[in-house]
Amino acid sequence: MTLLVVSGLSKAFGGVVAARDVSFTVARGELVALIGPNGAGKSTTFNMVGGQLAPDAGSVMLDGAPITGLAPRAIWRLGVGRTFQIAQAFVSMTAAENVAVAVQSAARRSFGLAGSAQREGRDVALVLLEAVGLTKVADHVVATLAYGDIKRVELAIALAGAPKLLLMDEPTAGMARGERHALMEQVAALARTRGLGVLFTEHDMDAVFGHADRVLALVAGKIVAEGTPAAVQADEAVQRLYLGASGARIAKAAGVRRGAP
Amino acid sequence: MSPPRNAAFTQVHPTMSLAFVLTQFLNGLAGAASLFIVASGLTIVFGVTRIVNFAHGSLYMLGAYVAVTLMAPLLDVSRSLPMFLLGLVVAALVTGLLGVAMEMLLLRRIYRSPELLQLLVTFGLVLVVQDLVIRVWGPLEILGPRAPGLKGAISVLGTPFPTYDLFVIAMGLAVFCGVWLLLFRTRFGVLVRAATQDRDMVAALGVNQARLFTGALFLGAALAGLGGALQIPRAAASPQMDIAVLTDAFVVTVIGGMGSVPGAALAALLIGQLNAFGIVVAPKSTLVLVFLLMAVVLVVRPQGLLGRPEPLALRVVMPEGFIGLAPMTARGRQVIAGVLAVLVALPLVADAYTLKVAIEVYVLALAAFALAFLIGNGGLVSFGHAAYFGIGAYGAGLAVKKLGLGMEPALVLAPLAGALAAAAFGFFIARLSGIYLAMLTLAVAQIAYAAGVQWVDVTGGDNGIVGVWPARWAANRVVYYYLTLALSAAGIAVLTCVLHAPFGYALRAARDSAVRADAIGLDVVALRRLAFVVAGAAAGLAGGLYAFSKGSIDPTLLAIPQSVDFLAMLLMGGLQHVAGALVGAAALHVLRDFVLPLTDMWRMLLGALIIGIVLVAPQGIVGGVLRWAPRFARGGPS
């Protein structure tokens, strides 16, 4: 069964249609990129899948069960972890505590009035932090970390519920160039080894064409092209409407690198 | 029982004559007009500056006093309506200028401060102005002159209706039209509306913000002053009128939607009529009706009737509150053991008076710690903490006086009463966030206060409950000292455990980022409800202990000044450290005990202290010690 099936999602804010009849799927172990210019409706689509926004029409199915319009916390319990465009972490806590809080939530321990939140779930948290390459700063307060590292903390938090689907809204925004590639490699590895479906939005064309299995191009709330990175980058409508000349060039370069051993 | 009103009511009620309905309707309109004039100023200032100005009530009071002072000489010149109107206008302008001074000297420095500190600064100003007014005009009420040409009453279908109230209705309408024209037909109005919608964008467009903010304060303060001045022919100017009108104005702005002038008008109309006809239905609980309306509106439409919802806060900023909870170190244990040893040994050396003060400090420390649990760890700015403290005290007192129970079961009932009240109030409060949450905590605390004053049969009204004494074995002051120390320390220890438990962390997680907490399966509202229950239980226990230490209870335990005391303790001790509340409770109470016999200006001192701490040392005593101690240890600042 396909992991995520989105069909006919629509959302309007006042008179502005942010998403119109958006349909796509994500399979286990697959990385799907959602691209499009600013205001194309990427975050709106994301928030409707993650539960932050209720759609006006359409449905979202996870593993065959409808999750349309459920609260984010309910959707998380059904196996959807997400990161935000502007990193959302618990800034007053250490990286390990951030992840431990999510681990405790997954174990339904968050209303526990006794016990130590610093120790409970710490072992699991450290394993997740290692997976995203943050072992060294596990005991640093998140507020003192570099923005790129905070985004990794968020990724570790999102993984704490052992999700089937990962939603990442601009996972590499605000990161240095080298860091971006490393992060996307890690995400891709996680997807393959854990059979995790990943849906991400991205402005960085390297990340999109270097790592996605499939690309969806969204313009003015509508999906205008869909397919393999090669197919989408060859799509004239996409090139003209969205990528422009320079985007097309980068896309081509990324495609070449992807083909190299 | 209020005989005149009830008598009139029983006479008229059988038929509910048209004349009666019409006069009540006009009464409602007059009330609405007064409410709107004050509340529109509050809502404009909030819209532009994003500061909820507690001192708005003080400006209203100053407007009334300025008018009372001006009217006598003005009416001496010529006893005419134009002179009266001139007096109103001058009072409004003078108050407007006071608002400008307030903006330029004080508010300007705190626009970027956390909400809690902004609220505290403006409340500090309330305290300062209260004492200043008493200094200048004396503690007694001052009756204003009647308005020439507007004395007497006109007949509405045979029922007399005061002419002056018709004038107030007309003024309300005139102010509404004036403000509407100003907001929608002038450049200043465009900027005010733009700033209300998006302050950052207005700043980015190169608008002179300083001038805009000063202008908004002038307008808001002038409206407050006009509101106050308009009241003087109807009610005497008194040093207590600030808090009373403040609560009313808050309720109007919150129901109408903070920042929305049409919302304030709509809410004022609703409340005016609710008051006018509520008297017919429930003569003694109009206040409760109004707050119920507010609770219902906030639950159905948290942003108020015509307000806009605050955009989802996605900015990552360090919250004001506990930063990291380090596990207990050996050094920390030593400090705690040392302090406890000193406190246990205290009765050996201290006299009876010192022990009395110490008992009060422990009780207040427990209650303040419970508040720190809410604010510092949960980010839930409660402006009504006294409610749970007071309800705990009343719970214990009523258990003794009405149920005939002993001290021990009463001290079990006190935290239960606090927890129960917190569960009921918290159910509604926890659905909100930010400034709306703070306003609702204040409002529900006012309901508790109103019940304490008005529900005379049970609470004894203003006289309260007397003769709440400890059990015989604990009647000795030294024994009661140890009992208080043990129970307060135990309460604080339990709360500390909860802070470190998964619940404490989940609550803090929801404070740091509610969006993130929601996205990892945390039910933020449920977490906050439980937080209120936990804090309410602890505050209730403190209230019970306090009742037995004093032997009597009165409604001041439930009142706003008591809530502000708790907040001032947190502020003084420091909000970012767990120990801040305890140090602050001790420091503030000892200071008050020392200063109170020396001066009758304690309120002014407290207000100045609050303002001073926010401006100069917002990290408080504990924050200051922690910042400087390591440097001294290294041999002074380098």
# chains A, B, ... in the order shown; residues from 1 in each chain; ligands from 1
$ interface_residues --of "chain A" --to "chain B" --cutoff "10 Å" --atoms "only C-alpha atoms" --output "PDB file with C-alpha atoms, in the first residue's frame"
ATOM      1  CA  GLY A  50       0.844  17.733   8.959  1.00  0.00           C
ATOM      2  CA  GLY A  51      -2.440  18.917  10.470  1.00  0.00           C
ATOM      3  CA  GLN A  52      -1.415  22.522  11.140  1.00  0.00           C
ATOM      4  CA  ALA A  71      -4.752  17.683  15.006  1.00  0.00           C
ATOM      5  CA  PRO A  72      -0.979  17.670  14.511  1.00  0.00           C
ATOM      6  CA  ARG A  73      -0.506  15.708  17.717  1.00  0.00           C
ATOM      7  CA  ALA A  74      -2.854  12.969  16.497  1.00  0.00           C
ATOM      8  CA  ILE A  75      -1.142  12.831  13.119  1.00  0.00           C
ATOM      9  CA  TRP A  76       2.209  12.513  14.852  1.00  0.00           C
ATOM     10  CA  ARG A  77       0.967   9.553  16.848  1.00  0.00           C
ATOM     11  CA  LEU A  78      -0.042   7.869  13.577  1.00  0.00           C
ATOM     12  CA  VAL A  80       4.243  11.493  10.794  1.00  0.00           C
ATOM     13  CA  GLY A  81       7.253  13.467  11.998  1.00  0.00           C
ATOM     14  CA  ARG A  82       7.924  16.949  10.683  1.00  0.00           C
ATOM     15  CA  THR A  83      10.362  19.812  10.657  1.00  0.00           C
ATOM     16  CA  PHE A  84       9.451  23.437  10.088  1.00  0.00           C
ATOM     17  CA  GLN A  85      10.619  26.087   7.686  1.00  0.00           C
ATOM     18  CA  ILE A  86      11.782  28.161  10.654  1.00  0.00           C
ATOM     19  CA  ALA A  87      13.289  25.598  13.011  1.00  0.00           C
ATOM     20  CA  GLN A  88      11.050  24.887  15.970  1.00  0.00           C
ATOM     21  CA  ALA A  89      12.959  23.383  18.871  1.00  0.00           C
ATOM     22  CA  PHE A  90      12.814  23.794  22.627  1.00  0.00           C
ATOM     23  CA  VAL A  91      15.408  26.523  22.919  1.00  0.00           C
ATOM     24  CA  SER A  92      15.858  26.430  26.696  1.00  0.00           C
ATOM     25  CA  MET A  93      16.772  22.736  26.690  1.00  0.00           C
ATOM     26  CA  THR A  94      19.820  20.794  25.599  1.00  0.00           C
ATOM     27  CA  GLU A  97      16.568  16.938  26.353  1.00  0.00           C
ATOM     28  CA  ASN A  98      14.802  18.142  23.206  1.00  0.00           C
ATOM     29  CA  VAL A  99      14.801  14.667  21.749  1.00  0.00           C
ATOM     30  CA  ALA A 100      14.099  13.020  25.112  1.00  0.00           C
ATOM     31  CA  VAL A 101      10.898  15.085  25.471  1.00  0.00           C
ATOM     32  CA  ALA A 102       9.724  13.650  22.156  1.00  0.00           C
ATOM     33  CA  VAL A 103      10.734  10.132  23.203  1.00  0.00           C
ATOM     34  CA  GLN A 104       8.740  10.553  26.434  1.00  0.00           C
ATOM     35  CA  SER A 105       5.765  11.792  24.453  1.00  0.00           C
ATOM     36  CA  ALA A 106       5.957   8.745  22.199  1.00  0.00           C
ATOM     37  CA  ARG A 108       2.950   8.532  26.642  1.00  0.00           C
ATOM     38  CA  ARG A 109       4.944   9.598  29.677  1.00  0.00           C
ATOM     39  CA  SER A 110       4.507  13.379  29.284  1.00  0.00           C
ATOM     40  CA  PHE A 111       2.011  13.671  32.106  1.00  0.00           C
ATOM     41  CA  GLY A 112       4.316  11.816  34.512  1.00  0.00           C
ATOM     42  CA  LEU A 113       4.684  13.870  37.689  1.00  0.00           C
ATOM     43  CA  ALA A 114       7.628  11.846  39.004  1.00  0.00           C
ATOM     44  CA  GLY A 115      10.851  10.627  37.493  1.00  0.00           C
ATOM     45  CA  SER A 116      13.667  12.424  35.740  1.00  0.00           C
ATOM     46  CA  ALA A 117      13.020  13.885  32.326  1.00  0.00           C
ATOM     47  CA  GLN A 118      16.742  14.231  31.822  1.00  0.00           C
ATOM     48  CA  ARG A 119      17.380  10.514  32.221  1.00  0.00           C
ATOM     49  CA  GLU A 120      14.209   9.019  30.749  1.00  0.00           C
ATOM     50  CA  VAL A 141      21.543  24.185  25.154  1.00  0.00           C
ATOM     51  CA  ALA A 143      19.827  28.334  21.978  1.00  0.00           C
ATOM     52  CA  GLU A 154      14.579  19.177  14.834  1.00  0.00           C
ATOM     53  CA  ILE A 157      13.022  15.214  17.371  1.00  0.00           C
ATOM     54  CA  ALA A 158      10.923  14.332  14.335  1.00  0.00           C
ATOM     55  CA  LEU A 159      12.482  10.864  14.228  1.00  0.00           C
ATOM     56  CA  ALA A 160      11.810  10.191  17.924  1.00  0.00           C
ATOM     57  CA  GLY A 161       8.303   8.909  17.314  1.00  0.00           C
TER      58      GLY A 161
END
$ residues_around --residues "Val128 in chain B" --least-positions-apart "5" --cutoff "7 Å" --atoms "only C-alpha atoms" --output "list in words"
Arg603, Met604, Gly607 and Ala608 of chain B
$ write_last_selection --atoms "C-alpha atoms" --output "PDB file, in the first residue's frame"
ATOM      1  CA  ARG B 603       2.540  51.385  47.412  1.00  0.00           C
ATOM      2  CA  MET B 604       4.599  54.079  45.755  1.00  0.00           C
ATOM      3  CA  GLY B 607       5.645  50.529  42.343  1.00  0.00           C
ATOM      4  CA  ALA B 608       8.955  52.331  41.984  1.00  0.00           C
TER       5      ALA B 608
END
$ residues_around --residues "range 296-309 of chain B" --least-positions-apart "2" --cutoff "6 Å" --atoms "only C-alpha atoms" --output "PyMOL selection string"
chain B and resi 254-258+260+263+293-294
$ write_last_selection --atoms "N, CA and C atoms" --output "PDB file, in the first residue's frame"
ATOM      1  N   VAL B 254     -11.227  43.003  25.841  1.00  0.00           N
ATOM      2  CA  VAL B 254     -11.003  41.584  25.581  1.00  0.00           C
ATOM      3  C   VAL B 254     -12.197  40.986  24.831  1.00  0.00           C
ATOM      4  N   ILE B 255     -13.409  41.342  25.248  1.00  0.00           N
ATOM      5  CA  ILE B 255     -14.589  40.820  24.561  1.00  0.00           C
ATOM      6  C   ILE B 255     -14.649  41.365  23.137  1.00  0.00           C
ATOM      7  N   GLY B 256     -14.352  42.649  22.976  1.00  0.00           N
ATOM      8  CA  GLY B 256     -14.451  43.258  21.665  1.00  0.00           C
ATOM      9  C   GLY B 256     -13.331  42.844  20.728  1.00  0.00           C
ATOM     10  N   GLY B 257     -12.209  42.428  21.299  1.00  0.00           N
ATOM     11  CA  GLY B 257     -11.038  42.108  20.491  1.00  0.00           C
ATOM     12  C   GLY B 257     -10.003  43.192  20.701  1.00  0.00           C
ATOM     13  N   MET B 258      -8.842  42.816  21.229  1.00  0.00           N
ATOM     14  CA  MET B 258      -7.867  43.827  21.603  1.00  0.00           C
ATOM     15  C   MET B 258      -7.349  44.532  20.354  1.00  0.00           C
ATOM     16  N   SER B 260      -9.291  46.559  18.561  1.00  0.00           N
ATOM     17  CA  SER B 260     -10.398  46.893  17.662  1.00  0.00           C
ATOM     18  C   SER B 260     -11.335  47.917  18.312  1.00  0.00           C
ATOM     19  N   GLY B 263     -14.938  46.895  17.852  1.00  0.00           N
ATOM     20  CA  GLY B 263     -15.142  45.792  18.792  1.00  0.00           C
ATOM     21  C   GLY B 263     -15.420  46.314  20.190  1.00  0.00           C
ATOM     22  N   LEU B 293     -19.927  36.312  30.418  1.00  0.00           N
ATOM     23  CA  LEU B 293     -19.983  36.678  29.008  1.00  0.00           C
ATOM     24  C   LEU B 293     -18.573  36.658  28.414  1.00  0.00           C
ATOM     25  N   MET B 294     -17.637  37.206  29.189  1.00  0.00           N
ATOM     26  CA  MET B 294     -16.265  37.252  28.714  1.00  0.00           C
ATOM     27  C   MET B 294     -15.701  35.851  28.527  1.00  0.00           C
TER      28      MET B 294
END
$ residues_around --residues "Asn275 in chain B" --least-positions-apart "5" --cutoff "9 Å" --atoms "only C-alpha atoms" --output "PDB file with C-alpha atoms, in the first residue's frame"
ATOM      1  CA  ASN B  27     -29.391  53.148  31.472  1.00  0.00           C
ATOM      2  CA  GLY B  28     -27.608  50.446  29.546  1.00  0.00           C
ATOM      3  CA  GLY B  31     -23.242  52.664  30.866  1.00  0.00           C
ATOM      4  CA  LEU B 270     -23.455  44.356  25.116  1.00  0.00           C
ATOM      5  CA  THR B 286     -24.056  41.459  37.523  1.00  0.00           C
ATOM      6  CA  LEU B 287     -20.272  41.291  37.833  1.00  0.00           C
ATOM      7  CA  LEU B 289     -22.695  37.813  34.477  1.00  0.00           C
ATOM      8  CA  VAL B 290     -20.228  40.130  32.762  1.00  0.00           C
TER       9      VAL B 290
END
$ atom_distance --atom1 "CA of Ala162 in chain A" --atom2 "CA of Val6 in chain A"
21.4 Å
$ closest_residue --among "B:Leu181, B:Ser58, B:Asp76, B:Ala32" --to "Ala267 in chain B" --atoms "only C-alpha atoms"
B:Ala32
$ closest_residue --among "A:Gln239, A:Ala234, A:Gly58, A:Leu4" --to "Leu167 in chain A" --atoms "only C-alpha atoms"
A:Leu4
$ atom_distance --atom1 "CA of Phe36 in chain B" --atom2 "CA of Gly144 in chain B"
21.7 Å
$ select_by_dssp --residues "range 119-187 of chain B" --states "strand (DSSP E)" --output "VMD selection string"
chain B and resid 153 to 156 159 to 162
$ write_last_selection --atoms "C-alpha atoms" --output "PDB file, in the first residue's frame"
ATOM      1  CA  ALA B 153     -34.423  64.383  34.852  1.00  0.00           C
ATOM      2  CA  ILE B 154     -36.610  64.124  31.808  1.00  0.00           C
ATOM      3  CA  SER B 155     -39.641  61.937  31.596  1.00  0.00           C
ATOM      4  CA  VAL B 156     -39.490  58.739  29.586  1.00  0.00           C
ATOM      5  CA  THR B 159     -40.517  57.418  34.324  1.00  0.00           C
ATOM      6  CA  PRO B 160     -37.826  59.953  35.202  1.00  0.00           C
ATOM      7  CA  PHE B 161     -34.463  59.548  33.500  1.00  0.00           C
ATOM      8  CA  PRO B 162     -31.428  61.707  34.437  1.00  0.00           C
TER       9      PRO B 162
END
$ closest_residue --among "A:Val124, A:Ala207, A:Ala231, A:Ile67" --to "Ala54 in chain A" --atoms "only C-alpha atoms"
A:Ile67
$ residues_around --residues "Met572 in chain B" --least-positions-apart "6" --cutoff "10 Å" --atoms "only C-alpha atoms" --output "number ranges by chain"
B: 566, 580-588, 609-610, 613-614, 617-623
$ write_last_selection --atoms "N, CA and C atoms" --output "PDB file, in the first residue's frame"
ATOM      1  N   PHE B 566       2.659  38.721  44.464  1.00  0.00           N
ATOM      2  CA  PHE B 566       3.323  37.472  44.062  1.00  0.00           C
ATOM      3  C   PHE B 566       4.190  37.698  42.829  1.00  0.00           C
ATOM      4  N   GLY B 580      14.486  31.926  42.414  1.00  0.00           N
ATOM      5  CA  GLY B 580      14.115  33.338  42.399  1.00  0.00           C
ATOM      6  C   GLY B 580      12.872  33.642  43.218  1.00  0.00           C
ATOM      7  N   ALA B 581      11.841  32.807  43.060  1.00  0.00           N
ATOM      8  CA  ALA B 581      10.580  33.063  43.759  1.00  0.00           C
ATOM      9  C   ALA B 581      10.789  33.041  45.270  1.00  0.00           C
ATOM     10  N   LEU B 582      11.611  32.115  45.740  1.00  0.00           N
ATOM     11  CA  LEU B 582      11.818  31.974  47.185  1.00  0.00           C
ATOM     12  C   LEU B 582      12.569  33.185  47.729  1.00  0.00           C
ATOM     13  N   VAL B 583      13.665  33.540  47.048  1.00  0.00           N
ATOM     14  CA  VAL B 583      14.446  34.696  47.476  1.00  0.00           C
ATOM     15  C   VAL B 583      13.595  35.961  47.393  1.00  0.00           C
ATOM     16  N   GLY B 584      12.829  36.073  46.311  1.00  0.00           N
ATOM     17  CA  GLY B 584      11.991  37.249  46.129  1.00  0.00           C
ATOM     18  C   GLY B 584      10.917  37.361  47.205  1.00  0.00           C
ATOM     19  N   ALA B 585      10.302  36.237  47.558  1.00  0.00           N
ATOM     20  CA  ALA B 585       9.269  36.265  48.601  1.00  0.00           C
ATOM     21  C   ALA B 585       9.871  36.756  49.908  1.00  0.00           C
ATOM     22  N   ALA B 586      11.036  36.221  50.254  1.00  0.00           N
ATOM     23  CA  ALA B 586      11.682  36.632  51.498  1.00  0.00           C
ATOM     24  C   ALA B 586      12.057  38.110  51.435  1.00  0.00           C
ATOM     25  N   ALA B 587      12.686  38.507  50.337  1.00  0.00           N
ATOM     26  CA  ALA B 587      13.177  39.884  50.228  1.00  0.00           C
ATOM     27  C   ALA B 587      12.016  40.878  50.291  1.00  0.00           C
ATOM     28  N   LEU B 588      10.966  40.612  49.512  1.00  0.00           N
ATOM     29  CA  LEU B 588       9.871  41.583  49.454  1.00  0.00           C
ATOM     30  C   LEU B 588       9.129  41.657  50.793  1.00  0.00           C
ATOM     31  N   LEU B 609       9.860  50.298  42.920  1.00  0.00           N
ATOM     32  CA  LEU B 609      10.755  49.143  42.958  1.00  0.00           C
ATOM     33  C   LEU B 609      10.536  48.259  41.730  1.00  0.00           C
ATOM     34  N   ILE B 610       9.265  47.988  41.435  1.00  0.00           N
ATOM     35  CA  ILE B 610       8.940  47.139  40.280  1.00  0.00           C
ATOM     36  C   ILE B 610       9.476  47.770  38.999  1.00  0.00           C
ATOM     37  N   ILE B 613      13.330  47.645  38.904  1.00  0.00           N
ATOM     38  CA  ILE B 613      13.912  46.325  38.618  1.00  0.00           C
ATOM     39  C   ILE B 613      13.812  46.022  37.133  1.00  0.00           C
ATOM     40  N   VAL B 614      12.630  46.284  36.550  1.00  0.00           N
ATOM     41  CA  VAL B 614      12.461  45.971  35.131  1.00  0.00           C
ATOM     42  C   VAL B 614      13.446  46.780  34.279  1.00  0.00           C
ATOM     43  N   ALA B 617      17.487  46.044  36.425  1.00  0.00           N
ATOM     44  CA  ALA B 617      17.996  44.703  36.726  1.00  0.00           C
ATOM     45  C   ALA B 617      16.935  43.643  36.508  1.00  0.00           C
ATOM     46  N   PRO B 618      16.507  43.448  35.250  1.00  0.00           N
ATOM     47  CA  PRO B 618      15.399  42.524  35.005  1.00  0.00           C
ATOM     48  C   PRO B 618      15.719  41.082  35.377  1.00  0.00           C
ATOM     49  N   GLN B 619      16.995  40.777  35.635  1.00  0.00           N
ATOM     50  CA  GLN B 619      17.308  39.389  35.996  1.00  0.00           C
ATOM     51  C   GLN B 619      17.083  39.121  37.474  1.00  0.00           C
ATOM     52  N   GLY B 620      16.770  40.155  38.253  1.00  0.00           N
ATOM     53  CA  GLY B 620      16.432  39.964  39.665  1.00  0.00           C
ATOM     54  C   GLY B 620      17.630  39.644  40.540  1.00  0.00           C
ATOM     55  N   ILE B 621      17.343  39.363  41.813  1.00  0.00           N
ATOM     56  CA  ILE B 621      18.432  39.150  42.778  1.00  0.00           C
ATOM     57  C   ILE B 621      19.231  37.897  42.426  1.00  0.00           C
ATOM     58  N   VAL B 622      18.529  36.782  42.216  1.00  0.00           N
ATOM     59  CA  VAL B 622      19.248  35.529  41.968  1.00  0.00           C
ATOM     60  C   VAL B 622      20.034  35.617  40.665  1.00  0.00           C
ATOM     61  N   GLY B 623      19.401  36.200  39.643  1.00  0.00           N
ATOM     62  CA  GLY B 623      20.105  36.361  38.377  1.00  0.00           C
ATOM     63  C   GLY B 623      21.356  37.209  38.558  1.00  0.00           C
TER      64      GLY B 623
END
$ select_by_dssp --residues "range 69-232 of chain A" --states "alpha helix (DSSP H)" --output "ChimeraX atom specification"
/A:72-77,95-106,122-131,147-159,177-194,205-211,229-232
$ atom_distance --atom1 "CA of Phe369 in chain B" --atom2 "CA of Ile492 in chain B"
6.9 Å
$ residues_around --residues "Leu340 in chain B" --least-positions-apart "5" --cutoff "9 Å" --atoms "only C-alpha atoms" --output "ChimeraX atom specification"
/B:335,345,489
